[in-house]
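To start, the structure under review is shown below, and the notes come after it.
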Amino acid sequence: MRYVNILMAFVPLAIVGHFLEWSHGLLFLFSGLSIVPLAVIIGDATEQIAIYSGPKIGGMLNATMGNVPELLIGIFAVKAGLFTLVLASMAGSIIGNILLVLGFSIFLGGLKFKQQTFVKEIARSNFTLLFFAALSVIIPYAFSRAAAGQPHITDSVNAFSLGMAVVLLVLYVLGLVFSLVTHRNVFVEHQAHVEDEEPETPKWTLKKAIVILAVSTFFVAIASEMLVATVEDAVRQFGISEVFVGIILIPILGNVAEHASAMIMAVKNKVDISLEIAVGSSMQIALFVAPILVIFSVIIGTPMAYVYTEFQVISVLISIAMSLFVFQDGKTNWLEGVQLIACYGMLALAFLFL
């Protein structure tokens with residue numbers, strides 16, 4: 001039994017606490033902790049369905065379901081008008097994936113192997129994709145700065161945000177078509193190169209996997225709604241900022257399954273896969289989750305400006321530059337993992353005291 005399953009106890013506690021009207025600080029903690037095991041179960045169910053469906057549908061399902069907890073939290077936060085929390089969680093996911101997740105992956109792998117190597121071309125292609133994540137952060141910020149002081153600036157920024165979201169979402173869909181349809185053979189060949197294990201056999205029936213996925217997603221939605229409903233009172237009670245919750249806490253809670261997978265792959269001396277998991281998750285945030293939330297905000301009549309703060313933009317760029325420096329030579333060691341973790345720690349401290 002995995003230790004994370006112990007946290008399932010917080011699912012009924014959060015629901016009972018909601019009906020008994022416990023303090024918002026306690027409900028915030030319980031609902032946040034309940035998301036962790038549910039996210040892991042969603043990951044398990046998705047993997048089981050992917051075994052039955054094959055690489056094409058399975059890859060699309062993994063790409064879509066990987067960030068369901070963050071997407072649901074974002075949807076409820078947009079409905080509540082907590083745009084600061086939404087944008088902070090998007091930036092925090094990118095930063096966390098390429099600093100904290102990759103840092104711990106390299107560190108843990110480095111404790112077992114003195115030096116780990118990987119194909120530099122694969123790393124280069126992944127960081128080329130991260131360039132688009134950087135663009136999705138830089139361009140809206142630069143536009144808002146350039147348009148400052150102009151008449152109807154709010155309408156202009158909102159219209160630009162919607163247009164940017166549509167472009168990013170189209171790019172995401174085309175990326176799926178490229179990897180899963182038109183250039184599927186390249187994808188399969190690469191998987192065969194990095195994954196030399198025997199094909200997996202399903203542990204659950206397809207019906208069981210679908211039911212578990214649906215039920216887990218339902219409870220994540222409930223926990224996400226409670227988390228968002230209590231966040232404002234919780235930050236006042238605990239003396240932390242809404243930005244810190246979005247940048248640090250929500251990405252860790254929502255992506256725990258992917259984080260664990262990346263670290264396990266590194267311990268198995270498969271840093272290529274760890275890199276792809278971390279970068280892939282960042283890409284899903286930048287090109288799928290964030291655009292969906294912007295479009296959703298327009299649909300419900302409360303447009304969200306897709307503009308990050310100056311320090312969030314700088315933090316994302318620092319994260320990408322630092323991880324690129326570590327992965328540029330085709331080999332890693334545990335000290336480089338510590339350096340990535342230290343960089344994340346410094347940024348987390350900055351956001352804590354902002």
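Identifiers in the structure tokens: chain A, B, ... in order shown; residue index from 1 per chain; ligand index from 1 in order shown.
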With only C-alpha atoms as the counted atoms, please give the residues lying no more than 10 Å from Val256 of chain A, apart from itself and same-chain residues fewer than 2 positions off, as an MDAnalysis selection string. chainID A and resid 4 35:40 43 101 251:254 258:261
Those residues with C-alpha atoms, as a tab-separated table (two decimals), in the first residue's frame please?
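Contents of part05.tsv, freshly written:
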chain	number	residue	atom	x	y	z
A	4	VAL	CA	-0.14	8.56	-0.20
A	35	ILE	CA	-6.58	16.39	-3.83
A	36	VAL	CA	-3.18	14.66	-3.54
A	37	PRO	CA	-4.35	10.99	-3.41
A	38	LEU	CA	-7.17	11.72	-5.86
A	39	ALA	CA	-4.65	13.12	-8.37
A	40	VAL	CA	-2.57	9.95	-7.99
A	43	GLY	CA	-3.00	9.15	-12.97
A	101	VAL	CA	10.51	18.23	-10.19
A	251	PRO	CA	0.99	23.16	-8.41
A	252	ILE	CA	2.42	20.71	-5.86
A	253	LEU	CA	-1.02	19.42	-4.85
A	254	GLY	CA	-2.33	19.10	-8.40
A	258	GLU	CA	3.44	13.40	-12.48
A	259	HIS	CA	6.09	14.58	-10.02
A	260	ALA	CA	6.42	11.08	-8.58
A	261	SER	CA	6.61	9.52	-12.05
Which residues, written as a list of chain:residue names, have at least one atom at most 10 Å from Ser89 of chain A, with only C-alpha atoms counted and residues fewer than 4 positions away on the same chain left out?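 Once the nearby chain positions are removed, what remains is A:Glu70, A:Ile73, A:Gly74, A:Phe83, A:Thr84, A:Leu85, A:Ser93, A:Ile94, A:Ile95, A:Gly96, A:Glu242, A:Val243, A:Phe244, A:Val245, A:Gly246, A:Ile247, A:Ile248, A:Leu249, A:Ile250, A:Pro251, A:Ile252, A:Gly254, A:Ile285, A:Ala290.
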Problem set entry | For atom CA of Ile292 of chain A and atom CA of Phe10 of chain A, the interatomic separation in Å (one decimal) |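 That distance, rounded to one decimal, is 29.0 Å.
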Asn158 of chain A proximity check over A:Ser297, A:Phe238, A:Ser224, A:Ser31, using only C-alpha atoms: winner is A:Ser297
request  = Step one, run DSSP on the backbone; step two, keep only residues of segment 70-199 of chain A assigned to helix (DSSP H, G or I); then write them as a PyMOL selection string.
outcome  = chain A and resi 70-79+83-112+120-146+153-182+184-194
Separating atom CA of Phe76 of chain A from atom CA of Val228 of chain A, to the nearest tenth of an Å, is a gap of 6.5 Å
**Message:** Need the shell around Phe325 of chain A: protein/DNA/RNA residues with any atom at most 12 Å away, counting only C-alpha atoms. Skip same-chain ones fewer than 4 positions apart. Format as a PyMOL selection string?
**Reply:** chain A and resi 98-99+123-124+127+318-321+329-332+336-337+339-340
Could you write those residues out with N, CA and C atoms, as an mmCIF file, in the first residue's frame?
data_model
loop_
_atom_site.group_PDB
_atom_site.id
_atom_site.type_symbol
_atom_site.label_atom_id
_atom_site.label_comp_id
_atom_site.auth_asym_id
_atom_site.auth_seq_id
_atom_site.Cartn_x
_atom_site.Cartn_y
_atom_site.Cartn_z
ATOM 1 N N ILE A 98 10.001 22.558 -13.884
ATOM 2 C CA ILE A 98 11.357 22.582 -14.442
ATOM 3 C C ILE A 98 12.433 22.906 -13.409
ATOM 4 N N LEU A 99 12.036 23.234 -12.190
ATOM 5 C CA LEU A 99 13.035 23.421 -11.124
ATOM 6 C C LEU A 99 12.893 22.360 -10.042
ATOM 7 N N ALA A 123 16.874 16.576 -25.268
ATOM 8 C CA ALA A 123 16.811 17.714 -24.348
ATOM 9 C C ALA A 123 16.621 19.012 -25.123
ATOM 10 N N ARG A 124 17.338 19.140 -26.242
ATOM 11 C CA ARG A 124 17.245 20.372 -27.038
ATOM 12 C C ARG A 124 15.836 20.560 -27.589
ATOM 13 N N PHE A 127 13.482 21.712 -24.786
ATOM 14 C CA PHE A 127 13.639 23.113 -24.404
ATOM 15 C C PHE A 127 13.211 24.058 -25.518
ATOM 16 N N ILE A 318 13.954 32.761 -15.458
ATOM 17 C CA ILE A 318 15.079 32.247 -14.670
ATOM 18 C C ILE A 318 15.024 30.724 -14.594
ATOM 19 N N SER A 319 13.828 30.193 -14.399
ATOM 20 C CA SER A 319 13.655 28.740 -14.288
ATOM 21 C C SER A 319 14.072 28.034 -15.568
ATOM 22 N N ILE A 320 13.606 28.543 -16.707
ATOM 23 C CA ILE A 320 13.944 27.935 -17.990
ATOM 24 C C ILE A 320 15.446 28.033 -18.257
ATOM 25 N N ALA A 321 16.031 29.200 -17.976
ATOM 26 C CA ALA A 321 17.467 29.398 -18.212
ATOM 27 C C ALA A 321 18.304 28.488 -17.320
ATOM 28 N N ASP A 329 24.725 19.858 -21.466
ATOM 29 C CA ASP A 329 25.906 19.055 -21.789
ATOM 30 C C ASP A 329 25.622 17.556 -21.923
ATOM 31 N N GLY A 330 24.364 17.144 -21.795
ATOM 32 C CA GLY A 330 24.031 15.745 -21.993
ATOM 33 C C GLY A 330 24.295 14.840 -20.806
ATOM 34 N N LYS A 331 24.636 15.407 -19.657
ATOM 35 C CA LYS A 331 24.852 14.591 -18.458
ATOM 36 C C LYS A 331 24.489 15.401 -17.218
ATOM 37 N N THR A 332 24.101 14.676 -16.160
ATOM 38 C CA THR A 332 23.707 15.327 -14.912
ATOM 39 C C THR A 332 24.311 14.597 -13.723
ATOM 40 N N GLU A 336 23.833 19.105 -9.435
ATOM 41 C CA GLU A 336 23.022 19.937 -10.328
ATOM 42 C C GLU A 336 21.558 19.884 -9.917
ATOM 43 N N GLY A 337 21.123 18.731 -9.426
ATOM 44 C CA GLY A 337 19.758 18.638 -8.907
ATOM 45 C C GLY A 337 19.560 19.533 -7.710
ATOM 46 N N GLN A 339 21.171 22.253 -7.111
ATOM 47 C CA GLN A 339 21.167 23.636 -7.594
ATOM 48 C C GLN A 339 19.790 24.050 -8.101
ATOM 49 N N LEU A 340 19.111 23.158 -8.818
ATOM 50 C CA LEU A 340 17.760 23.463 -9.292
ATOM 51 C C LEU A 340 16.796 23.618 -8.118
#
Margin query: When you look at segment 11-22 of chain A with a cut-off of 10 Å (counting only C-alpha atoms), what residues show up, excluding the ones that are within fewer than 4 positions of it in the same chain? I need them as a PyMOL selection string.
Written below: chain A and resi 7+26-38+219-220+222-223+226-227
Go ahead and write the selection's residues with C-alpha atoms as a PDB file, in the first residue's frame.
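Result file is part_26.pdb:
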ATOM      1  CA  LEU A   7      -4.353  10.955   2.686  1.00  0.00           C
ATOM      2  CA  LEU A  26      -9.076  23.771   8.396  1.00  0.00           C
ATOM      3  CA  LEU A  27     -11.269  23.147   5.346  1.00  0.00           C
ATOM      4  CA  PHE A  28      -8.580  24.645   3.116  1.00  0.00           C
ATOM      5  CA  LEU A  29      -5.993  22.213   4.525  1.00  0.00           C
ATOM      6  CA  PHE A  30      -8.300  19.187   4.327  1.00  0.00           C
ATOM      7  CA  SER A  31      -9.513  19.889   0.784  1.00  0.00           C
ATOM      8  CA  GLY A  32      -5.953  20.572  -0.406  1.00  0.00           C
ATOM      9  CA  LEU A  33      -4.593  17.359   1.106  1.00  0.00           C
ATOM     10  CA  SER A  34      -7.520  15.345  -0.285  1.00  0.00           C
ATOM     11  CA  ILE A  35      -6.579  16.389  -3.826  1.00  0.00           C
ATOM     12  CA  VAL A  36      -3.178  14.655  -3.541  1.00  0.00           C
ATOM     13  CA  PRO A  37      -4.354  10.993  -3.409  1.00  0.00           C
ATOM     14  CA  LEU A  38      -7.170  11.716  -5.857  1.00  0.00           C
ATOM     15  CA  PHE A 219     -14.318  14.188  -5.968  1.00  0.00           C
ATOM     16  CA  VAL A 220     -11.450  16.349  -7.225  1.00  0.00           C
ATOM     17  CA  ILE A 222     -15.711  18.856  -5.032  1.00  0.00           C
ATOM     18  CA  ALA A 223     -12.351  19.311  -3.268  1.00  0.00           C
ATOM     19  CA  MET A 226     -14.031  23.830  -1.404  1.00  0.00           C
ATOM     20  CA  LEU A 227     -10.365  24.811  -1.741  1.00  0.00           C
TER      21      LEU A 227
END
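Here atom CA of Val316 of chain A stands at a distance of 9.9 Å from atom CA of Leu347 of chain A.
Distances from A:Leu71, A:Leu171, A:Ile212, A:Met8 to Leu87 of chain A were compared using only C-alpha atoms, and the smallest one belongs to A:Leu71.
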- Message: I'd like the contact shell of Phe160 of chain A - 9 Å cut-off, only C-alpha atoms, skipping same-chain residues fewer than 3 positions apart - returned as a list in words.
- Response: Pro140, Phe143, Asp155, Ser156, Val157, Gly163, Met164, Ala165, Ala305 and Tyr306 of chain A
Next, write the just-selected residues to a file, as a compact mmCIF listing (two decimals), in the first residue's frame, keeping N, CA, C and O atoms as the atom set.
# COMPACT_ATOMS: atom_id res chain seq x y z
N PRO A 140 2.18 38.58 -23.54
CA PRO A 140 1.09 39.33 -22.90
C PRO A 140 1.60 40.42 -21.97
O PRO A 140 1.02 41.52 -21.92
N PHE A 143 2.88 43.26 -24.07
CA PHE A 143 1.76 43.98 -24.68
C PHE A 143 1.09 44.91 -23.68
O PHE A 143 0.78 46.07 -23.99
N ASP A 155 -10.16 46.78 -22.24
CA ASP A 155 -10.78 46.06 -23.35
C ASP A 155 -9.73 45.51 -24.30
O ASP A 155 -9.86 44.39 -24.82
N SER A 156 -8.69 46.29 -24.54
CA SER A 156 -7.63 45.86 -25.46
C SER A 156 -6.90 44.64 -24.91
O SER A 156 -6.63 43.68 -25.64
N VAL A 157 -6.56 44.69 -23.62
CA VAL A 157 -5.83 43.58 -22.99
C VAL A 157 -6.70 42.32 -22.97
O VAL A 157 -6.21 41.21 -23.24
N GLY A 163 -7.50 36.35 -27.91
CA GLY A 163 -6.84 35.96 -29.16
C GLY A 163 -5.61 35.11 -28.91
O GLY A 163 -5.37 34.11 -29.60
N MET A 164 -4.83 35.48 -27.90
CA MET A 164 -3.63 34.72 -27.55
C MET A 164 -4.02 33.31 -27.09
O MET A 164 -3.36 32.32 -27.46
N ALA A 165 -5.07 33.20 -26.30
CA ALA A 165 -5.52 31.90 -25.80
C ALA A 165 -5.93 30.99 -26.95
O ALA A 165 -5.60 29.79 -26.96
N ALA A 305 -7.66 38.87 -17.83
CA ALA A 305 -6.49 39.32 -18.58
C ALA A 305 -5.36 38.33 -18.40
O ALA A 305 -4.96 38.04 -17.27
N TYR A 306 -4.87 37.80 -19.50
CA TYR A 306 -3.81 36.79 -19.46
C TYR A 306 -2.45 37.48 -19.36
O TYR A 306 -1.62 37.40 -20.25
Quick one: residues within 12 Å of Thr128 of chain A, only C-alpha atoms counted, chain neighbours fewer than 6 positions away excluded, as number ranges by chain? A: 121-122, 134-135, 279-280, 283, 320-321, 324
Can you tell me which residues surround Gln284 of chain A at a distance of at most 12 Å, considering only C-alpha atoms, apart from same-chain residues fewer than 3 positions away, and format the answer as number ranges by chain? A: 60, 62-68, 70-71, 90, 93-94, 97, 129-130, 132-133, 136, 168-169, 171-173, 175-176, 255, 276-281, 287-292
Store the residues picked out above in a file with C-alpha atoms, as a JSON list (two decimals), in the first residue's frame.
[["chain", "number", "residue", "atom", "x", "y", "z"],
["A", 60, "MET", "CA", -4.09, 12.12, -25.95],
["A", 62, "ASN", "CA", -2.59, 11.39, -20.74],
["A", 63, "ALA", "CA", -2.04, 14.84, -22.20],
["A", 64, "THR", "CA", -5.59, 15.88, -21.34],
["A", 65, "MET", "CA", -5.96, 14.31, -17.89],
["A", 66, "GLY", "CA", -2.48, 15.14, -16.60],
["A", 67, "ASN", "CA", -3.51, 18.52, -15.25],
["A", 68, "VAL", "CA", -7.17, 17.91, -14.40],
["A", 70, "GLU", "CA", -5.22, 22.28, -11.69],
["A", 71, "LEU", "CA", -7.79, 22.81, -14.46],
["A", 90, "MET", "CA", -0.16, 28.68, -13.95],
["A", 93, "SER", "CA", 3.30, 24.98, -12.39],
["A", 94, "ILE", "CA", 5.86, 25.93, -15.02],
["A", 97, "ASN", "CA", 8.03, 21.40, -13.06],
["A", 129, "LEU", "CA", 9.05, 23.55, -26.77],
["A", 130, "LEU", "CA", 9.62, 25.41, -23.49],
["A", 132, "PHE", "CA", 6.71, 28.64, -26.45],
["A", 133, "ALA", "CA", 5.85, 28.52, -22.75],
["A", 136, "SER", "CA", 3.07, 32.76, -23.65],
["A", 168, "LEU", "CA", -2.03, 28.75, -28.02],
["A", 169, "LEU", "CA", -4.88, 26.24, -27.89],
["A", 171, "LEU", "CA", -0.93, 25.19, -31.35],
["A", 172, "TYR", "CA", -1.52, 22.62, -28.59],
["A", 173, "VAL", "CA", -4.02, 20.66, -30.72],
["A", 175, "GLY", "CA", 1.12, 19.45, -31.46],
["A", 176, "LEU", "CA", -1.06, 16.49, -30.48],
["A", 255, "ASN", "CA", 0.69, 17.50, -10.05],
["A", 276, "GLU", "CA", 9.83, 14.83, -21.03],
["A", 277, "ILE", "CA", 7.35, 14.48, -18.14],
["A", 278, "ALA", "CA", 8.38, 17.81, -16.59],
["A", 279, "VAL", "CA", 8.54, 19.74, -19.86],
["A", 280, "GLY", "CA", 5.35, 18.09, -21.14],
["A", 281, "SER", "CA", 3.46, 19.12, -18.02],
["A", 287, "LEU", "CA", -0.76, 25.80, -24.17],
["A", 288, "PHE", "CA", -3.85, 24.02, -22.81],
["A", 289, "VAL", "CA", -4.89, 24.79, -19.23],
["A", 290, "ALA", "CA", -4.23, 28.55, -19.22],
["A", 291, "PRO", "CA", -5.92, 29.18, -22.62],
["A", 292, "ILE", "CA", -8.95, 27.08, -21.59]]
With distances taken over only C-alpha atoms, the candidate from A:Val294, A:Phe327, A:Ser241, A:Val338 nearest Ser161 of chain A is A:Val294
**Prompt:** Between A:Asn333, A:Gln312, A:Gln328, A:Gln115, which is the closest to Tyr141 of chain A once you count only C-alpha atoms?
**Reply:**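 Comparing A:Asn333, A:Gln312, A:Gln328, A:Gln115 against Tyr141 of chain A, the winner is A:Gln312.
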